[in-house]
>>> print(open('upload_37.cif').read())   # mmCIF, C-alpha atoms and all ligand atoms
data_work
#
loop_
_atom_site.label_atom_id
_atom_site.label_comp_id
_atom_site.auth_asym_id
_atom_site.auth_seq_id
_atom_site.Cartn_x
_atom_site.Cartn_y
_atom_site.Cartn_z
CA MET A 1 0.00 0.00 0.00
CA ALA A 2 1.30 3.46 -0.91
CA THR A 3 0.64 6.68 1.00
CA LEU A 4 -0.03 9.95 -0.79
CA VAL A 5 -0.78 13.29 0.87
CA LEU A 6 -2.18 16.19 -1.14
CA LEU A 7 -1.94 19.72 0.24
CA ARG A 8 -3.41 22.78 -1.44
CA HIS A 9 -1.42 25.92 -0.59
CA GLY A 10 -2.75 28.17 2.17
CA GLU A 11 -4.78 31.27 1.34
CA SER A 12 -2.86 33.57 -1.00
CA ASP A 13 -3.00 37.38 -1.17
CA TRP A 14 -5.11 37.08 -4.31
CA ASN A 15 -7.43 34.43 -2.82
CA ALA A 16 -8.08 36.98 -0.07
CA LYS A 17 -8.81 39.70 -2.65
CA GLY A 18 -11.09 37.42 -4.71
CA LEU A 19 -8.96 37.60 -7.88
CA PHE A 20 -8.43 34.91 -10.53
CA THR A 21 -4.79 33.90 -10.02
CA GLY A 22 -3.68 31.01 -12.22
CA TRP A 23 0.03 31.27 -13.04
CA VAL A 24 0.48 34.73 -11.46
CA ASP A 25 3.08 34.23 -8.74
CA VAL A 26 1.47 35.67 -5.61
CA SER A 27 2.50 34.93 -2.02
CA LEU A 28 0.60 33.47 0.90
CA SER A 29 -1.39 35.86 3.08
CA ALA A 30 -0.68 35.85 6.85
CA LYS A 31 -3.76 33.62 7.20
CA GLY A 32 -2.38 31.33 4.47
CA GLU A 33 0.92 31.00 6.34
CA ASP A 34 -1.00 29.97 9.46
CA GLU A 35 -3.00 27.45 7.42
CA ALA A 36 0.20 25.94 6.02
CA ARG A 37 1.72 25.60 9.51
CA ARG A 38 -1.49 24.00 10.75
CA GLY A 39 -1.35 21.58 7.80
CA GLY A 40 2.14 20.54 8.98
CA LYS A 41 0.89 20.15 12.52
CA LEU A 42 -1.96 17.92 11.34
CA LEU A 43 0.57 15.74 9.51
CA GLN A 44 2.67 15.46 12.63
CA GLU A 45 -0.27 14.75 14.94
CA THR A 46 -1.47 12.01 12.58
CA GLY A 47 1.99 10.45 12.61
CA LEU A 48 2.37 10.98 8.86
CA ARG A 49 5.98 11.49 7.87
CA PRO A 50 6.51 12.23 4.15
CA ASP A 51 9.78 11.01 2.61
CA VAL A 52 9.70 13.30 -0.42
CA VAL A 53 7.81 16.41 -1.48
CA HIS A 54 6.65 17.51 -4.93
CA THR A 55 5.64 21.13 -5.58
CA SER A 56 4.76 23.38 -8.48
CA LEU A 57 7.04 26.23 -9.55
CA LEU A 58 4.78 28.78 -7.86
CA THR A 59 5.82 30.54 -4.66
CA ARG A 60 2.57 29.93 -2.76
CA ALA A 61 2.91 26.13 -3.07
CA ILE A 62 6.62 26.23 -2.24
CA GLN A 63 6.01 28.45 0.81
CA THR A 64 3.23 26.10 1.95
CA ALA A 65 5.46 23.03 1.68
CA ASN A 66 8.26 24.80 3.55
CA LEU A 67 6.02 26.01 6.37
CA ALA A 68 4.22 22.66 6.73
CA LEU A 69 7.48 20.69 6.70
CA GLY A 70 9.08 23.16 9.11
CA GLU A 71 6.26 22.55 11.56
CA ALA A 72 6.89 18.79 11.29
CA ASP A 73 10.70 19.28 11.60
CA LEU A 74 11.17 17.99 8.05
CA HIS A 75 12.74 20.97 6.29
CA TRP A 76 15.48 18.70 4.97
CA LEU A 77 13.26 16.45 2.84
CA PRO A 78 14.17 15.99 -0.83
CA VAL A 79 12.04 18.20 -3.08
CA LYS A 80 11.07 17.94 -6.74
CA ARG A 81 9.32 20.79 -8.54
CA SER A 82 7.54 20.97 -11.86
CA TRP A 83 5.44 23.40 -13.89
CA ARG A 84 3.18 20.38 -14.45
CA LEU A 85 1.86 20.82 -10.90
CA ASN A 86 1.18 24.55 -11.43
CA GLU A 87 -2.28 26.02 -10.97
CA ARG A 88 -4.49 26.03 -14.06
CA HIS A 89 -3.49 28.92 -16.31
CA TYR A 90 -6.50 31.23 -16.14
CA GLY A 91 -5.82 33.01 -19.43
CA ALA A 92 -7.21 36.52 -19.82
CA LEU A 93 -9.06 36.19 -16.49
CA GLN A 94 -5.77 36.33 -14.54
CA GLY A 95 -5.84 39.43 -12.33
CA LYS A 96 -9.61 39.92 -12.73
CA ASN A 97 -11.98 40.10 -9.78
CA LYS A 98 -14.22 36.99 -9.55
CA ALA A 99 -17.35 38.82 -8.34
CA GLN A 100 -17.01 41.52 -11.01
CA THR A 101 -16.45 38.88 -13.71
CA ARG A 102 -19.60 37.07 -12.62
CA GLU A 103 -21.56 40.33 -12.70
CA GLU A 104 -20.21 41.33 -16.10
CA PHE A 105 -20.59 37.98 -17.92
CA GLY A 106 -23.39 36.29 -15.90
CA GLU A 107 -23.51 33.16 -13.77
CA GLU A 108 -23.49 30.66 -16.63
CA GLN A 109 -20.40 32.01 -18.40
CA PHE A 110 -18.63 32.55 -15.06
CA MET A 111 -19.20 28.91 -14.06
CA LEU A 112 -18.25 27.65 -17.53
CA TRP A 113 -14.90 29.39 -17.25
CA ARG A 114 -14.43 28.48 -13.63
CA ARG A 115 -15.59 24.88 -13.37
CA SER A 116 -16.46 23.37 -16.78
CA TYR A 117 -14.13 20.55 -17.79
CA ASP A 118 -13.30 21.66 -21.31
CA VAL A 119 -14.06 25.36 -21.83
CA PRO A 120 -10.93 27.51 -21.33
CA PRO A 121 -11.13 31.28 -20.73
CA PRO A 122 -9.86 33.46 -23.61
CA PRO A 123 -6.04 33.31 -23.94
CA ILE A 124 -3.91 35.98 -22.30
CA ALA A 125 -1.89 38.29 -24.56
CA ASP A 126 1.90 38.04 -24.20
CA GLY A 127 2.09 41.76 -23.41
CA ASP A 128 -0.54 41.56 -20.63
CA GLU A 129 0.78 42.61 -17.23
CA PHE A 130 -0.32 39.20 -15.86
CA SER A 131 1.20 37.10 -18.67
CA GLN A 132 4.04 34.66 -17.86
CA ALA A 133 5.71 35.06 -21.29
CA GLY A 134 9.36 35.81 -20.54
CA ASP A 135 9.22 34.48 -16.96
CA ALA A 136 12.66 32.94 -16.31
CA ARG A 137 11.26 29.89 -14.54
CA TYR A 138 9.71 28.68 -17.80
CA ALA A 139 12.71 29.51 -20.01
CA LEU A 140 13.45 25.82 -20.68
CA LEU A 141 9.83 24.98 -21.45
CA PRO A 142 9.31 24.50 -25.22
CA SER A 143 7.01 27.28 -26.42
CA GLU A 144 4.36 24.82 -27.64
CA LEU A 145 3.97 23.56 -24.04
CA MET A 146 3.71 27.05 -22.53
CA PRO A 147 -0.01 27.70 -21.89
CA ARG A 148 -1.77 31.02 -22.49
CA THR A 149 -4.99 29.63 -21.06
CA GLU A 150 -6.16 26.22 -19.84
CA CYS A 151 -9.36 24.35 -19.02
CA LEU A 152 -9.27 21.55 -16.45
CA LYS A 153 -8.88 18.96 -19.22
CA ASP A 154 -5.67 20.71 -20.31
CA VAL A 155 -4.43 20.49 -16.72
CA VAL A 156 -5.20 16.76 -16.54
CA ASP A 157 -3.30 16.26 -19.82
CA ARG A 158 -0.17 18.12 -18.69
CA MET A 159 -0.27 16.90 -15.07
CA LEU A 160 -0.65 13.14 -15.72
CA PRO A 161 2.81 12.63 -17.29
CA TYR A 162 4.28 13.99 -14.03
CA TRP A 163 2.07 11.69 -11.97
CA TYR A 164 3.18 8.61 -13.90
CA ASP A 165 6.83 9.53 -14.44
CA GLU A 166 7.77 11.25 -11.17
CA ILE A 167 5.24 10.65 -8.40
CA VAL A 168 4.28 6.99 -9.00
CA PRO A 169 7.96 5.89 -9.02
CA ASP A 170 8.39 7.49 -5.57
CA LEU A 171 5.28 5.67 -4.34
CA ALA A 172 6.51 2.43 -5.92
CA ALA A 173 9.77 2.81 -4.00
CA GLY A 174 7.75 2.81 -0.77
CA ARG A 175 8.05 6.54 -0.13
CA THR A 176 5.26 8.51 1.50
CA VAL A 177 4.73 11.37 -0.95
CA LEU A 178 3.54 14.92 -0.17
CA VAL A 179 2.26 16.92 -3.14
CA ALA A 180 1.94 20.65 -2.35
CA ALA A 181 0.04 22.24 -5.22
CA HIS A 182 -3.09 24.15 -6.20
CA GLY A 183 -6.88 24.07 -6.26
CA ASN A 184 -7.15 23.04 -9.89
CA SER A 185 -3.99 20.95 -10.35
CA LEU A 186 -5.15 18.92 -7.33
CA ARG A 187 -8.70 18.72 -8.73
CA ALA A 188 -7.11 17.25 -11.86
CA LEU A 189 -5.20 14.67 -9.80
CA VAL A 190 -8.21 13.79 -7.63
CA LYS A 191 -10.34 13.41 -10.80
CA HIS A 192 -7.82 10.87 -12.06
CA LEU A 193 -7.41 9.02 -8.74
CA ASP A 194 -11.13 8.75 -7.96
CA GLY A 195 -12.28 8.33 -11.57
CA ILE A 196 -14.63 11.33 -11.29
CA SER A 197 -16.65 12.07 -14.45
CA ASP A 198 -16.13 15.21 -16.55
CA GLU A 199 -19.52 16.47 -15.28
CA ASP A 200 -19.16 15.65 -11.59
CA ILE A 201 -15.72 17.23 -11.22
CA ALA A 202 -17.42 20.65 -11.48
CA GLY A 203 -18.77 20.12 -7.96
CA LEU A 204 -15.42 19.26 -6.36
CA ASN A 205 -13.56 22.04 -4.53
CA ILE A 206 -10.31 21.65 -2.61
CA PRO A 207 -9.87 23.63 0.63
CA THR A 208 -6.63 25.50 1.37
CA GLY A 209 -4.06 24.10 3.80
CA ILE A 210 -5.79 20.88 4.93
CA PRO A 211 -3.90 17.65 4.09
CA LEU A 212 -5.88 15.08 2.10
CA LEU A 213 -4.63 11.55 2.70
CA TYR A 214 -4.92 8.73 0.17
CA ASP A 215 -3.95 5.13 0.79
CA LEU A 216 -3.40 3.63 -2.65
CA ASP A 217 -3.62 0.02 -3.77
CA ALA A 218 -1.21 -1.83 -6.09
CA ASP A 219 -2.72 0.00 -9.10
CA TYR A 220 -2.25 3.38 -7.37
CA ARG A 221 -5.99 3.74 -6.89
CA PRO A 222 -7.55 4.90 -3.59
CA THR A 223 -8.60 2.18 -1.16
CA LEU A 224 -11.11 4.73 0.20
CA PRO A 225 -12.78 6.82 -2.56
CA GLY A 226 -12.23 10.53 -1.99
CA GLY A 227 -9.42 9.95 0.48
CA ARG A 228 -9.56 11.40 3.99
CA TYR A 229 -9.03 15.00 5.04
CA LEU A 230 -7.06 15.22 8.27
CA ASP A 231 -9.62 17.78 9.54
CA PRO A 232 -12.86 16.73 7.78
CA ASP A 233 -15.16 19.36 9.35
CA ALA A 234 -12.86 22.25 8.53
CA ALA A 235 -12.33 20.82 5.02
CA LYS A 236 -16.08 20.69 4.34
CA ALA A 237 -16.65 24.30 5.42
CA ALA A 238 -13.58 25.56 3.55
CA ALA A 239 -14.51 23.68 0.33
CA GLU A 240 -17.96 25.32 0.45
CA ALA A 241 -16.31 28.72 0.80
CA VAL A 242 -14.20 28.00 -2.32
CA ALA A 243 -17.34 26.94 -4.22
CA ASN A 244 -19.01 30.25 -3.28
CA GLN A 245 -16.19 32.54 -4.40
CA GLY A 246 -17.45 35.36 -6.58
CA ARG A 247 -20.87 35.38 -4.90
O1 LIG A 301 -7.82 31.80 -9.11
C1 LIG A 301 -7.34 30.66 -9.22
O2 LIG A 301 -6.25 30.42 -9.76
C2 LIG A 301 -8.13 29.48 -8.68
C3 LIG A 301 -7.59 29.03 -7.35
O3 LIG A 301 -7.46 30.06 -6.43
O4 LIG A 301 -9.46 29.89 -8.52
P1 LIG A 301 -10.76 29.00 -8.78
O5 LIG A 301 -11.06 28.26 -7.50
O6 LIG A 301 -11.81 30.04 -9.06
O7 LIG A 301 -10.53 28.09 -9.94
#
>>> encode(input="upload_37.cif", output="structure tokens")
Amino acid sequence: MATLVLLRHGESDWNAKGLFTGWVDVSLSAKGEDEARRGGKLLQETGLRPDVVHTSLLTRAIQTANLALGEADLHWLPVKRSWRLNERHYGALQGKNKAQTREEFGEEQFMLWRRSYDVPPPPIADGDEFSQAGDARYALLPSELMPRTECLKDVVDRMLPYWYDEIVPDLAAGRTVLVAAHGNSLRALVKHLDGISDEDIAGLNIPTGIPLLYDLDADYRPTLPGGRYLDPDAAKAAAEAVANQGR
């Protein structure tokens, strides 16, 4: 049996302001830092000791992993990072206020962009102040892989190679794996793990800073569908708050 722990970063400055974030590299808010530390404490209290950590290339996930591991006295763990664990690229919506976007375009379009499986927002222009074109961290990424917008399906497609090629081998080696990532890259991974349909995934929201534990069988499928949040009550309330963003 393999052990996988998923951790969405704590609240970011832009989560707090209600802005679409995507690949924009914002930091954790003070509340988000507390959430990340609490996530580490929950790991420690549960007796879960990761052997390796995987993060995206975005500061808020890296900060979350550092704070959580610091709390568990595990700063020294080996770390692997990949753009494939990044948040969904939110295209031209990056930097826009969620409530204002909903007001301007209506509930249906807002939800299509936010939670449909295969409708991406309009692409962001390279010259936009919130574009990642020219960002040094993606300099080695071939231009045809560099997104200018993504729907969740695009995230599944670019995340799964990392799951199979980097995370599964760690699990196969008997390592307990911590993945510190984002609302939508983790929705993509949970969709895969739990076999959630393209329709039903719209209703799944991941709370910030609460570890989600999966015990996986020999085929790297959950023994308990949906896994187990280490603080289930807090996770339920926080997931509802994510669902209601923009309202
Ligand atoms: O703005 C974003 O990048 C994401 C996560 O914060 O938002 P949403 O939950 O609306 O997909």
>>> residues_around(input="upload_37.cif", residues="Ile201 (chain A)", least_positions_apart="5", cutoff="12 Å", atoms="all atoms listed in the file", output="MDAnalysis selection string")
chainID A and resid 114:118 152:153 156 184 186:196 206 226
>>> write_last_selection(input="upload_37.cif", atoms="C-alpha atoms", output="JSON list (two decimals), in the coordinates of the input")
[["chain", "number", "residue", "atom", "x", "y", "z"],
["A", 114, "ARG", "CA", -14.43, 28.48, -13.63],
["A", 115, "ARG", "CA", -15.59, 24.88, -13.37],
["A", 116, "SER", "CA", -16.46, 23.37, -16.78],
["A", 117, "TYR", "CA", -14.13, 20.55, -17.79],
["A", 118, "ASP", "CA", -13.30, 21.66, -21.31],
["A", 152, "LEU", "CA", -9.27, 21.55, -16.45],
["A", 153, "LYS", "CA", -8.88, 18.96, -19.22],
["A", 156, "VAL", "CA", -5.20, 16.76, -16.54],
["A", 184, "ASN", "CA", -7.15, 23.04, -9.89],
["A", 186, "LEU", "CA", -5.15, 18.92, -7.33],
["A", 187, "ARG", "CA", -8.70, 18.72, -8.73],
["A", 188, "ALA", "CA", -7.11, 17.25, -11.86],
["A", 189, "LEU", "CA", -5.20, 14.67, -9.80],
["A", 190, "VAL", "CA", -8.21, 13.79, -7.63],
["A", 191, "LYS", "CA", -10.34, 13.41, -10.80],
["A", 192, "HIS", "CA", -7.82, 10.87, -12.06],
["A", 193, "LEU", "CA", -7.41, 9.02, -8.74],
["A", 194, "ASP", "CA", -11.13, 8.75, -7.96],
["A", 195, "GLY", "CA", -12.28, 8.33, -11.57],
["A", 196, "ILE", "CA", -14.63, 11.33, -11.29],
["A", 206, "ILE", "CA", -10.31, 21.65, -2.61],
["A", 226, "GLY", "CA", -12.23, 10.53, -1.99]]
>>> closest_residue(input="upload_37.cif", among="A:Leu213, A:Leu19, A:Leu230, A:Leu178", to="ligand LIG 301 (chain A)", atoms="only C-alpha atoms and all ligand atoms")
A:Leu19
>>> residues_near_ligand(input="upload_37.cif", ligand="ligand LIG 301 (chain A)", cutoff="7 Å", atoms="all atoms listed in the file", output="PyMOL selection string")
chain A and resi 15+19-22+87-88+90+114-115+182-184+242+245
>>> closest_residue(input="upload_37.cif", among="A:Trp76, A:Tyr229, A:Tyr220, A:Phe110", to="Pro169 (chain A)", atoms="all atoms listed in the file")
A:Tyr220
>>> atom_distance(input="upload_37.cif", atom1="CA of Ala68 (chain A)", atom2="CA of Pro207 (chain A)")
15.4 Å
>>> residues_around(input="upload_37.cif", residues="Pro123 (chain A)", least_positions_apart="2", cutoff="7 Å", atoms="all atoms listed in the file", output="list in words")
Gly91, Ala92, Pro121, Ala125, Arg148 and Thr149 of chain A
>>> closest_residue(input="upload_37.cif", among="A:Gly227, A:Pro147, A:Pro161, A:Lys98", to="Ala243 (chain A)", atoms="only C-alpha atoms")
A:Lys98
>>> closest_residue(input="upload_37.cif", among="A:Gly95, A:Pro78, A:Gly70, A:Pro222", to="Val52 (chain A)", atoms="all atoms listed in the file")
A:Pro78
>>> atom_distance(input="upload_37.cif", atom1="CA of Ala180 (chain A)", atom2="CA of Trp113 (chain A)")
24.1 Å
>>> axis_aligned_box(input="upload_37.cif", around="region 191-204 of chain A", padding_each_side="3 Å", output="AutoDock Vina command-line options")
--center_x -13.5 --center_y 14.5 --center_z -11.5 --size_x 18.1 --size_y 18.3 --size_z 16.2
>>> closest_residue(input="upload_37.cif", among="A:Asn86, A:Ser12, A:Thr64, A:Ser185", to="Ile210 (chain A)", atoms="all atoms listed in the file")
A:Thr64
>>> atom_distance(input="upload_37.cif", atom1="CA of Arg8 (chain A)", atom2="CA of Thr208 (chain A)")
5.1 Å
